[in-house]
$ cat query-v6.txt   # compact mmCIF, N, CA and C atoms and all ligand atoms
# COMPACT_ATOMS: atom_id res chain seq x y z
N MET A 992 42.78 -87.38 15.60
CA MET A 992 43.80 -86.71 16.44
C MET A 992 43.55 -85.20 16.46
N LEU A 993 43.63 -84.63 17.62
CA LEU A 993 43.43 -83.18 17.73
C LEU A 993 44.59 -82.45 17.05
N LYS A 994 44.28 -81.30 16.53
CA LYS A 994 45.31 -80.50 15.86
C LYS A 994 46.44 -80.15 16.84
N ARG A 995 46.02 -79.86 18.10
CA ARG A 995 47.02 -79.49 19.11
C ARG A 995 48.01 -80.64 19.36
N ASP A 996 47.49 -81.87 19.39
CA ASP A 996 48.35 -83.04 19.61
C ASP A 996 49.35 -83.21 18.47
N ARG A 997 48.85 -82.98 17.26
CA ARG A 997 49.77 -83.08 16.10
C ARG A 997 50.91 -82.08 16.22
N ILE A 998 50.56 -80.89 16.66
CA ILE A 998 51.59 -79.84 16.81
C ILE A 998 52.61 -80.26 17.88
N LEU A 999 52.09 -80.84 18.97
CA LEU A 999 53.00 -81.27 20.05
C LEU A 999 53.94 -82.36 19.55
N ILE A 1000 53.39 -83.30 18.77
CA ILE A 1000 54.23 -84.39 18.24
C ILE A 1000 55.30 -83.81 17.31
N MET A 1001 54.88 -82.85 16.49
CA MET A 1001 55.85 -82.23 15.58
C MET A 1001 56.94 -81.50 16.36
N LEU A 1002 56.53 -80.82 17.44
CA LEU A 1002 57.51 -80.11 18.26
C LEU A 1002 58.48 -81.10 18.92
N ALA A 1003 57.95 -82.22 19.39
CA ALA A 1003 58.79 -83.23 20.04
C ALA A 1003 59.82 -83.77 19.04
N ALA A 1004 59.35 -84.01 17.81
CA ALA A 1004 60.25 -84.53 16.78
C ALA A 1004 61.33 -83.50 16.44
N LEU A 1005 60.93 -82.25 16.40
CA LEU A 1005 61.88 -81.17 16.10
C LEU A 1005 62.95 -81.09 17.19
N CYS A 1006 62.50 -81.14 18.45
CA CYS A 1006 63.44 -81.08 19.58
C CYS A 1006 64.41 -82.25 19.52
N ALA A 1007 63.89 -83.44 19.22
CA ALA A 1007 64.75 -84.63 19.16
C ALA A 1007 65.80 -84.47 18.07
N SER A 1008 65.41 -83.85 16.95
CA SER A 1008 66.37 -83.71 15.85
C SER A 1008 67.42 -82.65 16.17
N LEU A 1009 67.06 -81.69 17.03
CA LEU A 1009 68.02 -80.62 17.37
C LEU A 1009 68.94 -81.01 18.52
N ALA A 1010 68.48 -81.95 19.35
CA ALA A 1010 69.19 -82.28 20.58
C ALA A 1010 70.68 -82.62 20.40
N PRO A 1011 71.07 -83.47 19.43
CA PRO A 1011 72.50 -83.82 19.33
C PRO A 1011 73.40 -82.60 19.16
N THR A 1012 72.94 -81.64 18.36
CA THR A 1012 73.73 -80.43 18.13
C THR A 1012 73.89 -79.65 19.42
N ALA A 1013 72.75 -79.49 20.14
CA ALA A 1013 72.78 -78.71 21.38
C ALA A 1013 73.73 -79.34 22.39
N ILE A 1014 73.66 -80.66 22.51
CA ILE A 1014 74.51 -81.36 23.48
C ILE A 1014 75.98 -81.17 23.10
N ARG A 1015 76.23 -81.25 21.81
CA ARG A 1015 77.60 -81.13 21.37
C ARG A 1015 78.13 -79.72 21.65
N ALA A 1016 77.26 -78.71 21.47
CA ALA A 1016 77.69 -77.33 21.68
C ALA A 1016 78.03 -77.06 23.14
N GLN A 1017 77.17 -77.57 24.07
CA GLN A 1017 77.45 -77.36 25.50
C GLN A 1017 78.63 -78.23 25.89
N SER A 1018 78.58 -79.43 25.49
CA SER A 1018 79.66 -80.34 25.31
C SER A 1018 80.46 -80.81 26.48
N GLY A 1019 81.17 -81.89 26.16
CA GLY A 1019 82.26 -82.37 26.94
C GLY A 1019 83.54 -81.92 26.28
N ALA A 1020 83.54 -80.76 25.65
CA ALA A 1020 84.76 -80.28 25.01
C ALA A 1020 85.82 -80.03 26.08
N ALA A 1021 86.98 -80.58 25.87
CA ALA A 1021 88.06 -80.42 26.83
C ALA A 1021 88.78 -79.10 26.57
N ALA A 1022 89.00 -78.34 27.63
CA ALA A 1022 89.70 -77.06 27.50
C ALA A 1022 91.21 -77.27 27.56
N VAL A 1023 91.91 -76.66 26.63
CA VAL A 1023 93.38 -76.77 26.60
C VAL A 1023 93.95 -75.35 26.56
N GLU A 1024 94.77 -75.02 27.55
CA GLU A 1024 95.39 -73.70 27.61
C GLU A 1024 96.74 -73.73 26.90
N ILE A 1025 96.98 -72.77 26.03
CA ILE A 1025 98.26 -72.67 25.34
C ILE A 1025 98.78 -71.26 25.50
N GLU A 1026 99.93 -71.14 26.13
CA GLU A 1026 100.52 -69.83 26.33
C GLU A 1026 101.56 -69.54 25.24
N LEU A 1027 101.48 -68.34 24.69
CA LEU A 1027 102.48 -67.88 23.73
C LEU A 1027 103.29 -66.80 24.43
N SER A 1028 104.61 -66.94 24.41
CA SER A 1028 105.46 -65.91 25.00
C SER A 1028 106.74 -65.85 24.19
N SER A 1029 107.67 -64.99 24.59
CA SER A 1029 108.91 -64.82 23.83
C SER A 1029 109.96 -65.77 24.39
N PHE A 1030 110.37 -66.81 23.73
CA PHE A 1030 109.97 -67.28 22.42
C PHE A 1030 109.63 -68.75 22.54
N LYS A 1031 108.48 -68.99 23.16
CA LYS A 1031 108.08 -70.39 23.30
C LYS A 1031 106.57 -70.54 23.40
N PHE A 1032 106.14 -71.80 23.16
CA PHE A 1032 104.76 -72.19 23.41
C PHE A 1032 104.78 -73.05 24.67
N ARG A 1033 103.77 -72.89 25.51
CA ARG A 1033 103.67 -73.75 26.68
C ARG A 1033 102.25 -74.26 26.80
N PRO A 1034 102.01 -75.57 26.72
CA PRO A 1034 103.04 -76.58 26.49
C PRO A 1034 103.52 -76.56 25.03
N ALA A 1035 104.72 -77.06 24.82
CA ALA A 1035 105.27 -77.10 23.47
C ALA A 1035 104.65 -78.25 22.67
N THR A 1036 104.20 -79.27 23.37
CA THR A 1036 103.55 -80.41 22.71
C THR A 1036 102.14 -80.57 23.26
N LEU A 1037 101.18 -80.58 22.34
CA LEU A 1037 99.78 -80.82 22.73
C LEU A 1037 99.42 -82.25 22.39
N GLN A 1038 98.81 -82.94 23.33
CA GLN A 1038 98.37 -84.32 23.09
C GLN A 1038 96.85 -84.30 22.98
N LEU A 1039 96.34 -84.64 21.81
CA LEU A 1039 94.89 -84.65 21.60
C LEU A 1039 94.43 -86.03 21.14
N GLU A 1040 93.14 -86.26 21.34
CA GLU A 1040 92.56 -87.54 20.91
C GLU A 1040 91.72 -87.33 19.66
N HIS A 1041 91.96 -88.15 18.66
CA HIS A 1041 91.22 -88.12 17.41
C HIS A 1041 89.71 -88.15 17.65
N GLY A 1042 88.99 -87.21 17.04
CA GLY A 1042 87.53 -87.21 17.11
C GLY A 1042 86.95 -86.56 18.34
N ARG A 1043 87.79 -86.15 19.27
CA ARG A 1043 87.30 -85.52 20.49
C ARG A 1043 87.18 -84.00 20.30
N ASP A 1044 86.23 -83.40 21.02
CA ASP A 1044 86.01 -81.95 20.93
C ASP A 1044 86.89 -81.21 21.94
N TYR A 1045 87.47 -80.11 21.46
CA TYR A 1045 88.35 -79.30 22.31
C TYR A 1045 88.03 -77.82 22.17
N VAL A 1046 88.37 -77.08 23.22
CA VAL A 1046 88.42 -75.63 23.14
C VAL A 1046 89.88 -75.28 23.36
N LEU A 1047 90.54 -74.82 22.32
CA LEU A 1047 91.93 -74.40 22.47
C LEU A 1047 91.91 -72.93 22.86
N HIS A 1048 92.49 -72.64 24.01
CA HIS A 1048 92.51 -71.27 24.53
C HIS A 1048 93.94 -70.74 24.44
N PHE A 1049 94.14 -69.85 23.49
CA PHE A 1049 95.48 -69.28 23.26
C PHE A 1049 95.60 -67.96 24.01
N VAL A 1050 96.69 -67.81 24.75
CA VAL A 1050 96.92 -66.58 25.50
C VAL A 1050 98.34 -66.09 25.21
N ASN A 1051 98.43 -64.89 24.70
CA ASN A 1051 99.75 -64.28 24.49
C ASN A 1051 100.09 -63.46 25.72
N THR A 1052 101.01 -63.98 26.54
CA THR A 1052 101.34 -63.31 27.80
C THR A 1052 102.49 -62.32 27.63
N SER A 1053 103.02 -62.20 26.43
CA SER A 1053 104.13 -61.26 26.25
C SER A 1053 103.59 -59.92 25.75
N SER A 1054 104.47 -58.94 25.64
CA SER A 1054 104.03 -57.61 25.17
C SER A 1054 104.07 -57.51 23.65
N GLY A 1055 104.82 -58.43 23.02
CA GLY A 1055 104.91 -58.42 21.56
C GLY A 1055 103.96 -59.41 20.91
N GLY A 1056 103.79 -59.29 19.60
CA GLY A 1056 102.90 -60.18 18.87
C GLY A 1056 103.51 -61.55 18.61
N HIS A 1057 102.65 -62.57 18.61
CA HIS A 1057 103.06 -63.94 18.25
C HIS A 1057 101.90 -64.60 17.52
N ASP A 1058 102.21 -65.69 16.82
CA ASP A 1058 101.11 -66.48 16.29
C ASP A 1058 101.34 -67.96 16.55
N PHE A 1059 100.23 -68.69 16.45
CA PHE A 1059 100.25 -70.15 16.58
C PHE A 1059 99.90 -70.64 15.20
N SER A 1060 100.94 -70.99 14.44
CA SER A 1060 100.76 -71.34 13.04
C SER A 1060 100.85 -72.85 12.87
N ALA A 1061 99.73 -73.48 12.51
CA ALA A 1061 99.66 -74.94 12.40
C ALA A 1061 98.69 -75.28 11.27
N ARG A 1062 99.09 -74.95 10.06
CA ARG A 1062 98.16 -75.05 8.93
C ARG A 1062 97.67 -76.47 8.67
N SER A 1063 98.59 -77.43 8.71
CA SER A 1063 98.16 -78.81 8.41
C SER A 1063 97.16 -79.29 9.47
N PHE A 1064 97.38 -78.89 10.71
CA PHE A 1064 96.47 -79.28 11.79
C PHE A 1064 95.09 -78.62 11.61
N PHE A 1065 95.08 -77.31 11.45
CA PHE A 1065 93.80 -76.61 11.34
C PHE A 1065 93.05 -76.98 10.06
N ASP A 1066 93.79 -77.27 8.98
CA ASP A 1066 93.13 -77.70 7.74
C ASP A 1066 92.45 -79.06 7.93
N ALA A 1067 93.08 -79.93 8.73
CA ALA A 1067 92.56 -81.28 8.91
C ALA A 1067 91.48 -81.36 9.99
N ALA A 1068 91.53 -80.44 10.96
CA ALA A 1068 90.56 -80.44 12.06
C ALA A 1068 89.21 -79.90 11.58
N THR A 1069 88.16 -80.19 12.34
CA THR A 1069 86.85 -79.61 12.07
C THR A 1069 86.69 -78.41 12.99
N ILE A 1070 86.78 -77.21 12.42
CA ILE A 1070 86.73 -75.97 13.20
C ILE A 1070 85.28 -75.52 13.33
N ALA A 1071 84.87 -75.11 14.53
CA ALA A 1071 83.51 -74.58 14.72
C ALA A 1071 83.32 -73.37 13.81
N PRO A 1072 82.17 -73.31 13.09
CA PRO A 1072 81.95 -72.22 12.12
C PRO A 1072 82.18 -70.83 12.70
N GLU A 1073 81.75 -70.63 13.95
CA GLU A 1073 81.86 -69.29 14.55
C GLU A 1073 83.31 -68.90 14.86
N ASP A 1074 84.22 -69.88 14.81
CA ASP A 1074 85.63 -69.58 15.13
C ASP A 1074 86.53 -69.54 13.90
N ARG A 1075 85.96 -69.86 12.71
CA ARG A 1075 86.80 -69.95 11.51
C ARG A 1075 87.47 -68.63 11.15
N ALA A 1076 86.79 -67.52 11.44
CA ALA A 1076 87.35 -66.21 11.10
C ALA A 1076 88.55 -65.84 11.98
N LYS A 1077 88.75 -66.60 13.08
CA LYS A 1077 89.89 -66.31 13.96
C LYS A 1077 91.19 -66.88 13.38
N LEU A 1078 91.04 -67.70 12.32
CA LEU A 1078 92.21 -68.32 11.69
C LEU A 1078 92.49 -67.66 10.36
N ASP A 1079 93.75 -67.41 10.11
CA ASP A 1079 94.16 -66.89 8.81
C ASP A 1079 95.28 -67.79 8.28
N LYS A 1080 94.98 -68.54 7.22
CA LYS A 1080 95.93 -69.49 6.64
C LYS A 1080 96.50 -70.44 7.71
N GLY A 1081 95.61 -70.96 8.54
CA GLY A 1081 96.04 -71.93 9.55
C GLY A 1081 96.81 -71.34 10.70
N SER A 1082 96.60 -70.06 10.96
CA SER A 1082 97.37 -69.38 12.00
C SER A 1082 96.46 -68.51 12.88
N VAL A 1083 96.70 -68.57 14.20
CA VAL A 1083 96.01 -67.68 15.14
C VAL A 1083 97.02 -66.61 15.51
N ASP A 1084 96.75 -65.37 15.11
CA ASP A 1084 97.70 -64.29 15.35
C ASP A 1084 97.22 -63.44 16.53
N LEU A 1085 98.09 -63.25 17.50
CA LEU A 1085 97.71 -62.50 18.71
C LEU A 1085 98.68 -61.37 18.99
N GLU A 1086 98.13 -60.19 19.19
CA GLU A 1086 98.94 -59.06 19.67
C GLU A 1086 99.30 -59.34 21.13
N GLY A 1087 100.26 -58.57 21.66
CA GLY A 1087 100.63 -58.74 23.06
C GLY A 1087 99.41 -58.63 23.96
N GLY A 1088 99.25 -59.59 24.87
CA GLY A 1088 98.15 -59.56 25.82
C GLY A 1088 96.82 -60.08 25.30
N GLU A 1089 96.76 -60.41 24.00
CA GLU A 1089 95.49 -60.90 23.44
C GLU A 1089 95.29 -62.38 23.71
N GLU A 1090 94.02 -62.81 23.59
CA GLU A 1090 93.72 -64.23 23.70
C GLU A 1090 92.64 -64.59 22.70
N ALA A 1091 92.50 -65.90 22.44
CA ALA A 1091 91.48 -66.37 21.50
C ALA A 1091 91.11 -67.80 21.87
N ARG A 1092 89.86 -68.14 21.60
CA ARG A 1092 89.40 -69.52 21.82
C ARG A 1092 88.93 -70.11 20.50
N ILE A 1093 89.40 -71.30 20.21
CA ILE A 1093 88.97 -72.01 19.00
C ILE A 1093 88.37 -73.35 19.41
N HIS A 1094 87.11 -73.54 19.04
CA HIS A 1094 86.44 -74.82 19.28
C HIS A 1094 86.66 -75.70 18.05
N LEU A 1095 87.09 -76.92 18.28
CA LEU A 1095 87.33 -77.82 17.14
C LEU A 1095 87.24 -79.28 17.55
N THR A 1096 87.15 -80.12 16.54
CA THR A 1096 87.23 -81.56 16.74
C THR A 1096 88.57 -82.02 16.19
N ALA A 1097 89.31 -82.76 17.00
CA ALA A 1097 90.66 -83.18 16.60
C ALA A 1097 90.63 -84.06 15.35
N PRO A 1098 91.58 -83.84 14.44
CA PRO A 1098 91.62 -84.58 13.17
C PRO A 1098 92.23 -85.98 13.31
N ALA A 1099 92.57 -86.55 12.16
CA ALA A 1099 93.17 -87.89 12.11
C ALA A 1099 94.45 -87.94 12.94
N PRO A 1100 94.75 -89.10 13.51
CA PRO A 1100 95.98 -89.25 14.28
C PRO A 1100 97.20 -88.86 13.45
N GLY A 1101 98.16 -88.24 14.11
CA GLY A 1101 99.38 -87.86 13.42
C GLY A 1101 100.12 -86.80 14.20
N HIS A 1102 101.27 -86.41 13.66
CA HIS A 1102 102.09 -85.35 14.27
C HIS A 1102 101.96 -84.12 13.38
N TYR A 1103 101.54 -83.02 13.97
CA TYR A 1103 101.33 -81.78 13.22
C TYR A 1103 102.29 -80.71 13.78
N LYS A 1104 103.01 -80.07 12.88
CA LYS A 1104 103.99 -79.07 13.31
C LYS A 1104 103.34 -77.74 13.65
N VAL A 1105 103.91 -77.08 14.66
CA VAL A 1105 103.46 -75.75 15.09
C VAL A 1105 104.68 -74.84 15.11
N ARG A 1106 104.50 -73.59 14.66
CA ARG A 1106 105.57 -72.61 14.79
C ARG A 1106 104.97 -71.23 14.89
N CYS A 1107 105.77 -70.31 15.39
CA CYS A 1107 105.39 -68.90 15.31
C CYS A 1107 106.04 -68.40 14.03
N SER A 1108 105.21 -67.80 13.15
CA SER A 1108 105.73 -67.39 11.85
C SER A 1108 106.29 -65.96 11.85
N HIS A 1109 106.27 -65.30 13.00
CA HIS A 1109 106.88 -63.97 13.07
C HIS A 1109 108.39 -64.09 12.82
N PHE A 1110 108.96 -63.05 12.24
CA PHE A 1110 110.34 -63.10 11.79
C PHE A 1110 111.31 -63.58 12.88
N MET A 1111 111.99 -64.69 12.58
CA MET A 1111 113.04 -65.27 13.44
C MET A 1111 112.53 -65.96 14.71
N HIS A 1112 111.23 -65.91 14.99
CA HIS A 1112 110.76 -66.47 16.26
C HIS A 1112 110.96 -67.99 16.34
N SER A 1113 110.69 -68.70 15.23
CA SER A 1113 110.87 -70.16 15.30
C SER A 1113 112.35 -70.51 15.43
N THR A 1114 113.21 -69.70 14.81
CA THR A 1114 114.66 -69.91 14.95
C THR A 1114 115.08 -69.76 16.41
N MET A 1115 114.39 -68.86 17.11
CA MET A 1115 114.72 -68.65 18.52
C MET A 1115 114.00 -69.64 19.44
N GLY A 1116 113.37 -70.64 18.84
CA GLY A 1116 112.82 -71.73 19.66
C GLY A 1116 111.31 -71.78 19.73
N MET A 1117 110.66 -70.87 19.00
CA MET A 1117 109.20 -70.84 19.11
C MET A 1117 108.56 -71.84 18.15
N THR A 1118 108.72 -73.11 18.50
CA THR A 1118 108.16 -74.21 17.72
C THR A 1118 107.45 -75.18 18.66
N GLY A 1119 106.61 -75.99 18.09
CA GLY A 1119 105.91 -76.98 18.89
C GLY A 1119 105.33 -78.06 18.02
N GLU A 1120 104.50 -78.89 18.63
CA GLU A 1120 103.93 -80.02 17.91
C GLU A 1120 102.58 -80.38 18.53
N ILE A 1121 101.67 -80.80 17.66
CA ILE A 1121 100.40 -81.35 18.14
C ILE A 1121 100.41 -82.83 17.78
N VAL A 1122 100.28 -83.66 18.78
CA VAL A 1122 100.25 -85.11 18.56
C VAL A 1122 98.82 -85.59 18.78
N VAL A 1123 98.20 -86.08 17.71
CA VAL A 1123 96.85 -86.61 17.81
C VAL A 1123 96.95 -88.13 17.77
N SER A 1124 96.36 -88.77 18.78
CA SER A 1124 96.42 -90.24 18.82
C SER A 1124 95.02 -90.83 18.82
CU CU A 1201 106.47 -65.41 18.18
$ encode --input "query-v6.txt" --output "structure tokens" --more "lines below"
Ligand SMILES: [Cu+2]
Amino acid sequence: MLKRDRILIMLAALCASLAPTAIRAQSGAAAVEIELSSFKFRPATLQLEHGRDYVLHFVNTSSGGHDFSARSFFDAATIAPEDRAKLDKGSVDLEGGEEARIHLTAPAPGHYKVRCSHFMHSTMGMTGEIVVS
């Protein structure tokens, strides 16, 4: 076998081993828009499918700060490594007008609570739920 052919075969094998990751990254990840405002999440209930890839796009449309605090959900989900730093103790914190995208794979089926942890915001109705089925 020519040395060049061996190199080509090795390259083909390398590409094959990398392909699943590349496909997953470009993905069939479903985009989900979540608006944070004073004092609600829209939608208030997110319906996700266990094991499916998502891009959660959080947008704070108000002038004040809010967060999307869902520790049990984010702890159980598989968060893309490049997005892990956007979470602090299971919470995405956004100043007024800010947005963030988190790529993740939905965790085990269940009901996961969501709230804004800013002072009094959940009392004023800023709560929600993620339902994974
Ligand atoms: Cu809030």
$ residues_near_point --input "query-v6.txt" --point "(99.1, -67.8, 10.9)" --cutoff "8 Å" --atoms "only C-alpha atoms" --output "short mmCIF file (atom, residue, chain, number, x, y, z; two decimals) with N, CA and C atoms, in the frame of the given file"
data_model
loop_
_atom_site.label_atom_id
_atom_site.label_comp_id
_atom_site.auth_asym_id
_atom_site.auth_seq_id
_atom_site.Cartn_x
_atom_site.Cartn_y
_atom_site.Cartn_z
N ASP A 1058 102.21 -65.69 16.82
CA ASP A 1058 101.11 -66.48 16.29
C ASP A 1058 101.34 -67.96 16.55
N PHE A 1059 100.23 -68.69 16.45
CA PHE A 1059 100.25 -70.15 16.58
C PHE A 1059 99.90 -70.64 15.20
N SER A 1060 100.94 -70.99 14.44
CA SER A 1060 100.76 -71.34 13.04
C SER A 1060 100.85 -72.85 12.87
N ALA A 1061 99.73 -73.48 12.51
CA ALA A 1061 99.66 -74.94 12.40
C ALA A 1061 98.69 -75.28 11.27
N ARG A 1062 99.09 -74.95 10.06
CA ARG A 1062 98.16 -75.05 8.93
C ARG A 1062 97.67 -76.47 8.67
N LEU A 1078 91.04 -67.70 12.32
CA LEU A 1078 92.21 -68.32 11.69
C LEU A 1078 92.49 -67.66 10.36
N ASP A 1079 93.75 -67.41 10.11
CA ASP A 1079 94.16 -66.89 8.81
C ASP A 1079 95.28 -67.79 8.28
N LYS A 1080 94.98 -68.54 7.22
CA LYS A 1080 95.93 -69.49 6.64
C LYS A 1080 96.50 -70.44 7.71
N GLY A 1081 95.61 -70.96 8.54
CA GLY A 1081 96.04 -71.93 9.55
C GLY A 1081 96.81 -71.34 10.70
N SER A 1082 96.60 -70.06 10.96
CA SER A 1082 97.37 -69.38 12.00
C SER A 1082 96.46 -68.51 12.88
N VAL A 1083 96.70 -68.57 14.20
CA VAL A 1083 96.01 -67.68 15.14
C VAL A 1083 97.02 -66.61 15.51
N ASP A 1084 96.75 -65.37 15.11
CA ASP A 1084 97.70 -64.29 15.35
C ASP A 1084 97.22 -63.44 16.53
N CYS A 1107 105.77 -70.31 15.39
CA CYS A 1107 105.39 -68.90 15.31
C CYS A 1107 106.04 -68.40 14.03
N SER A 1108 105.21 -67.80 13.15
CA SER A 1108 105.73 -67.39 11.85
C SER A 1108 106.29 -65.96 11.85
#
$ atom_distance --input "query-v6.txt" --atom1 "atom C of Lys1104 (chain A)" --atom2 "atom C of Ile1121 (chain A)"
7.2 Å
$ residues_around --input "query-v6.txt" --residues "Ala1099 (chain A)" --least-positions-apart "5" --cutoff "7 Å" --atoms "all atoms listed in the file" --output "ChimeraX atom specification"
/A:1041-1042,1067-1068,1123-1124
$ residues_near_ligand --input "query-v6.txt" --ligand "ligand CU 1201 (chain A)" --cutoff "8 Å" --atoms "only N, CA and C atoms and all ligand atoms" --output "ChimeraX atom specification"
/A:1027-1031,1055-1059,1106-1113,1117
$ closest_residue --input "query-v6.txt" --among "A:Glu1120, A:His1048, A:His1102, A:Glu1090" --to "Glu1024 (chain A)" --atoms "only N, CA and C atoms"
A:His1048
$ atom_distance --input "query-v6.txt" --atom1 "atom N of Ala1020 (chain A)" --atom2 "CA of Asn1051 (chain A)"
23.1 Å
